[in-house]
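Worksheet: the structure to be examined is printed underneath.
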Amino acid sequence: MSGAATGGASIVVKKGITSASQLKGKSLATPSLGNTQDVALRYWLKQNGLTTTITGGGDALVKPTKPNSAAVLEFKSGQIAGASEPAPYDVQMVNDGGTVLLKEPGVTTVLVVTQSFLSAHPAIVDDLLKAQVQANAFIKSNPTQAQADANAELASYTGKPLKPDIVAASFKEITFTNDPAAASLKTAANQAVSLGLLKPVNLNGIYELGPLNQVLAAVGESQVDS
């Protein structure tokens, strides 16, 4: 239905590691099997001649690790050589002495509803889209306040805010956009298929961007397409 964010994830490794070949035999973490960062890491390793398996075998030993903060702790303690993580966790790993081997491009977050909900509640969907567009506009026009608001909301869930510099660095990595980056979703799906993590899937028709484009037109923003 609408974009929200692209980018904001990286493959971070111990200093001294400068290529994929140096990760042979090393342990690496991802948030979960088959998620965006997991696919990105496995596909990048494959492109560089290293195999992985869903059980943690192969040339590079990829281990899905939850929660994300556990991967940060394992990295800091030396249990793993690196990880593919979204912000703020990749930023924390860099602060713990890591170096970025690859910044992962493409879609990170999208706003979606079911077709049945869209059909039954078009006015609610319209309000959701307006709020999404307004939120992205606010982030762009008031980045410092947006960062503070996001950190305060995070603290309300976890009981502890992040350091402001971690939040600022995380926001810098992310592109907040109303465009759902349709092409990158197809690319990610194809990569997952090539890794055996996903059966071939037809994504034609997955986007209904008419309502979004109406909202964008009303505020003078550019249209998007699938």
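Every chain in the structure tokens takes a letter, A first, then B, and so on in the order presented; its residues are numbered from 1, and the ligands are numbered from 1 following the presented order.
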
Which of range 44-137 of chain A DSSP labels strand (DSSP E or B), written as a PyMOL selection string: chain A and resi 52+58+61-64+82-86+98-104+107-111

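Near Leu41 in chain A, within 10 Å and counting only C-alpha atoms, sit Ser10, Ile11, Leu28, Ala29, Thr30, Thr36, Lys46, Gln47, Thr52, Val62, Ala83, Ser84, Glu85, Leu102 and Glu104 of chain A, not including residues fewer than 5 positions from it in the same chain.
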
Written file, previous selection with N, CA and C atoms, as a PDB file, in the first residue's frame:
```pdb
ATOM      1  N   SER A  10      23.114  -3.404   7.785  1.00  0.00           N
ATOM      2  CA  SER A  10      24.486  -3.586   7.318  1.00  0.00           C
ATOM      3  C   SER A  10      25.033  -4.934   7.762  1.00  0.00           C
ATOM      4  N   ILE A  11      26.015  -5.410   7.007  1.00  0.00           N
ATOM      5  CA  ILE A  11      26.828  -6.538   7.437  1.00  0.00           C
ATOM      6  C   ILE A  11      28.044  -5.956   8.140  1.00  0.00           C
ATOM      7  N   LEU A  28      28.446 -16.179  12.049  1.00  0.00           N
ATOM      8  CA  LEU A  28      27.784 -14.907  11.788  1.00  0.00           C
ATOM      9  C   LEU A  28      26.334 -14.997  12.245  1.00  0.00           C
ATOM     10  N   ALA A  29      25.776 -13.875  12.671  1.00  0.00           N
ATOM     11  CA  ALA A  29      24.398 -13.857  13.162  1.00  0.00           C
ATOM     12  C   ALA A  29      23.485 -13.070  12.228  1.00  0.00           C
ATOM     13  N   THR A  30      22.220 -13.465  12.214  1.00  0.00           N
ATOM     14  CA  THR A  30      21.157 -12.706  11.543  1.00  0.00           C
ATOM     15  C   THR A  30      19.937 -12.728  12.471  1.00  0.00           C
ATOM     16  N   THR A  36      14.881 -10.383   5.992  1.00  0.00           N
ATOM     17  CA  THR A  36      15.579  -9.520   5.034  1.00  0.00           C
ATOM     18  C   THR A  36      17.100  -9.577   5.197  1.00  0.00           C
ATOM     19  N   LYS A  46      27.056 -16.085  -1.024  1.00  0.00           N
ATOM     20  CA  LYS A  46      26.969 -16.947  -2.196  1.00  0.00           C
ATOM     21  C   LYS A  46      27.612 -16.285  -3.413  1.00  0.00           C
ATOM     22  N   GLN A  47      27.350 -14.981  -3.589  1.00  0.00           N
ATOM     23  CA  GLN A  47      27.943 -14.252  -4.708  1.00  0.00           C
ATOM     24  C   GLN A  47      29.463 -14.199  -4.610  1.00  0.00           C
ATOM     25  N   THR A  52      26.262 -21.526   2.520  1.00  0.00           N
ATOM     26  CA  THR A  52      25.647 -21.540   3.858  1.00  0.00           C
ATOM     27  C   THR A  52      24.537 -22.587   3.833  1.00  0.00           C
ATOM     28  N   VAL A  62      26.136 -19.349   9.485  1.00  0.00           N
ATOM     29  CA  VAL A  62      25.133 -18.322   9.765  1.00  0.00           C
ATOM     30  C   VAL A  62      24.138 -18.849  10.795  1.00  0.00           C
ATOM     31  N   ALA A  83      27.763  -9.935  11.868  1.00  0.00           N
ATOM     32  CA  ALA A  83      26.322 -10.146  11.778  1.00  0.00           C
ATOM     33  C   ALA A  83      25.727  -9.237  10.721  1.00  0.00           C
ATOM     34  N   SER A  84      24.575  -9.638  10.230  1.00  0.00           N
ATOM     35  CA  SER A  84      23.784  -8.793   9.339  1.00  0.00           C
ATOM     36  C   SER A  84      22.599  -8.321  10.164  1.00  0.00           C
ATOM     37  N   GLU A  85      22.565  -7.031  10.496  1.00  0.00           N
ATOM     38  CA  GLU A  85      21.568  -6.511  11.436  1.00  0.00           C
ATOM     39  C   GLU A  85      21.023  -5.159  10.974  1.00  0.00           C
ATOM     40  N   LEU A 102      29.201  -4.342   4.126  1.00  0.00           N
ATOM     41  CA  LEU A 102      28.189  -4.080   3.111  1.00  0.00           C
ATOM     42  C   LEU A 102      26.998  -3.379   3.726  1.00  0.00           C
ATOM     43  N   GLU A 104      23.232  -2.731   3.256  1.00  0.00           N
ATOM     44  CA  GLU A 104      22.196  -3.434   2.514  1.00  0.00           C
ATOM     45  C   GLU A 104      21.162  -2.456   1.963  1.00  0.00           C
TER      46      GLU A 104
END
```

With a distance cut-off of 10 Å and only C-alpha atoms, select the neighbouring residues of range 166-171 of chain A, excluding the residue or stretch itself and same-chain residues fewer than 5 positions from it, and output the selection as a count of residues only. 20

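Reported to one decimal place, the separation of CA of Ala20 in chain A from CA of Pro200 in chain A is 27.3 Å.
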
Atom-to-atom span, CA of Thr6 in chain A and CA of Ala181 in chain A, Å: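 Computing it gives 7.8 Å between the two atoms.
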
In range 74-217 of chain A, DSSP helix (DSSP H, G or I) residues written as a ChimeraX atom specification: /A:74-77,89-95,115-120,122-141,143-158,164-173,182-194,210-217

Per residue of range 71-184 of chain A within 12 Å of range 201-224 of chain A, record the nearest atom pair and its distance in Å to one decimal, counting only C-alpha atoms, with rows in chain order and ascending residue number, as CSV.
```
residue,atom,partner,partner_atom,distance
A:Val110,CA,A:Tyr207,CA,10.7
A:Leu111,CA,A:Leu212,CA,10.5
A:Val112,CA,A:Tyr207,CA,9.0
A:Val113,CA,A:Glu208,CA,9.9
A:Thr114,CA,A:Ile206,CA,10.1
A:Gln115,CA,A:Glu208,CA,8.9
A:Leu118,CA,A:Glu208,CA,9.6
A:Ser119,CA,A:Glu208,CA,11.4
A:Pro122,CA,A:Pro211,CA,8.6
A:Ala123,CA,A:Pro211,CA,10.0
A:Ile124,CA,A:Pro211,CA,11.2
A:Val125,CA,A:Pro211,CA,8.1
A:Asp126,CA,A:Pro211,CA,6.7
A:Asp127,CA,A:Val215,CA,9.3
A:Leu128,CA,A:Leu212,CA,9.7
A:Leu129,CA,A:Leu212,CA,6.3
A:Lys130,CA,A:Val215,CA,6.3
A:Ala131,CA,A:Val215,CA,10.0
A:Gln132,CA,A:Leu212,CA,9.7
A:Val133,CA,A:Leu216,CA,7.6
A:Gln134,CA,A:Val219,CA,9.6
A:Asn136,CA,A:Leu216,CA,11.8
A:Ala137,CA,A:Glu221,CA,10.5
A:Thr177,CA,A:Val224,CA,10.5
A:Asn178,CA,A:Val224,CA,8.1
A:Asp179,CA,A:Val224,CA,5.8
A:Pro180,CA,A:Val224,CA,8.0
A:Ala181,CA,A:Val224,CA,8.9
A:Ala182,CA,A:Tyr207,CA,8.1
A:Ala183,CA,A:Leu203,CA,10.3
A:Ser184,CA,A:Leu203,CA,11.8
```

Based on the selection just made, write C-alpha atoms of those residues as a CSV table (one decimal), in the first residue's frame.
```csv
chain,number,residue,atom,x,y,z
A,110,VAL,CA,6.2,-1.1,4.0
A,111,LEU,CA,2.6,-0.3,5.2
A,112,VAL,CA,0.2,-3.1,4.1
A,113,VAL,CA,-3.4,-4.1,4.6
A,114,THR,CA,-5.3,-7.1,3.4
A,115,GLN,CA,-7.4,-6.8,0.2
A,118,LEU,CA,-9.2,-2.3,2.0
A,119,SER,CA,-12.5,-3.2,0.4
A,122,PRO,CA,-11.4,2.4,2.5
A,123,ALA,CA,-11.7,5.5,4.7
A,124,ILE,CA,-9.6,3.9,7.4
A,125,VAL,CA,-7.0,3.0,4.9
A,126,ASP,CA,-7.0,6.5,3.6
A,127,ASP,CA,-6.4,7.9,7.1
A,128,LEU,CA,-3.5,5.4,7.5
A,129,LEU,CA,-1.9,6.5,4.3
A,130,LYS,CA,-2.3,10.2,5.2
A,131,ALA,CA,-0.7,9.5,8.6
A,132,GLN,CA,2.2,7.7,6.9
A,133,VAL,CA,2.8,10.5,4.5
A,134,GLN,CA,2.6,13.1,7.3
A,136,ASN,CA,7.6,10.9,6.7
A,137,ALA,CA,7.2,14.6,6.1
A,177,THR,CA,10.1,7.2,1.8
A,178,ASN,CA,6.5,6.9,0.6
A,179,ASP,CA,7.6,4.8,-2.4
A,180,PRO,CA,7.3,1.1,-1.6
A,181,ALA,CA,10.4,0.3,-3.7
A,182,ALA,CA,8.6,-2.5,-5.5
A,183,ALA,CA,11.6,-3.6,-7.6
A,184,SER,CA,13.7,-4.2,-4.5
```

So what do you get for CA of Leu162 in chain A versus CA of Asn35 in chain A, distance-wise?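 Between CA of Leu162 in chain A and CA of Asn35 in chain A the gap works out to 24.0 Å.
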
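Of the listed residues (A:Val94, A:Leu185, A:Val39, A:Leu195), A:Val94 comes nearest to Lys14 in chain A; the distances count only C-alpha atoms.
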
Can you pull out the residues contacting Gly82 in chain A? Cut-off 10 Å, using only C-alpha atoms, and skip same-chain residues under 3 positions away; I want them as number ranges by chain. A: 11-15, 17, 23, 26-30, 62, 71-72, 74-76, 78-79, 85, 90, 93, 98-101

Here is a test: counting only C-alpha atoms, which residue of A:Gly159, A:Gly25, A:Gly34, A:Gly57 is nearest to Lys199 in chain A?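 Residue with the minimum atom-to-atom distance to Lys199 in chain A: A:Gly34.
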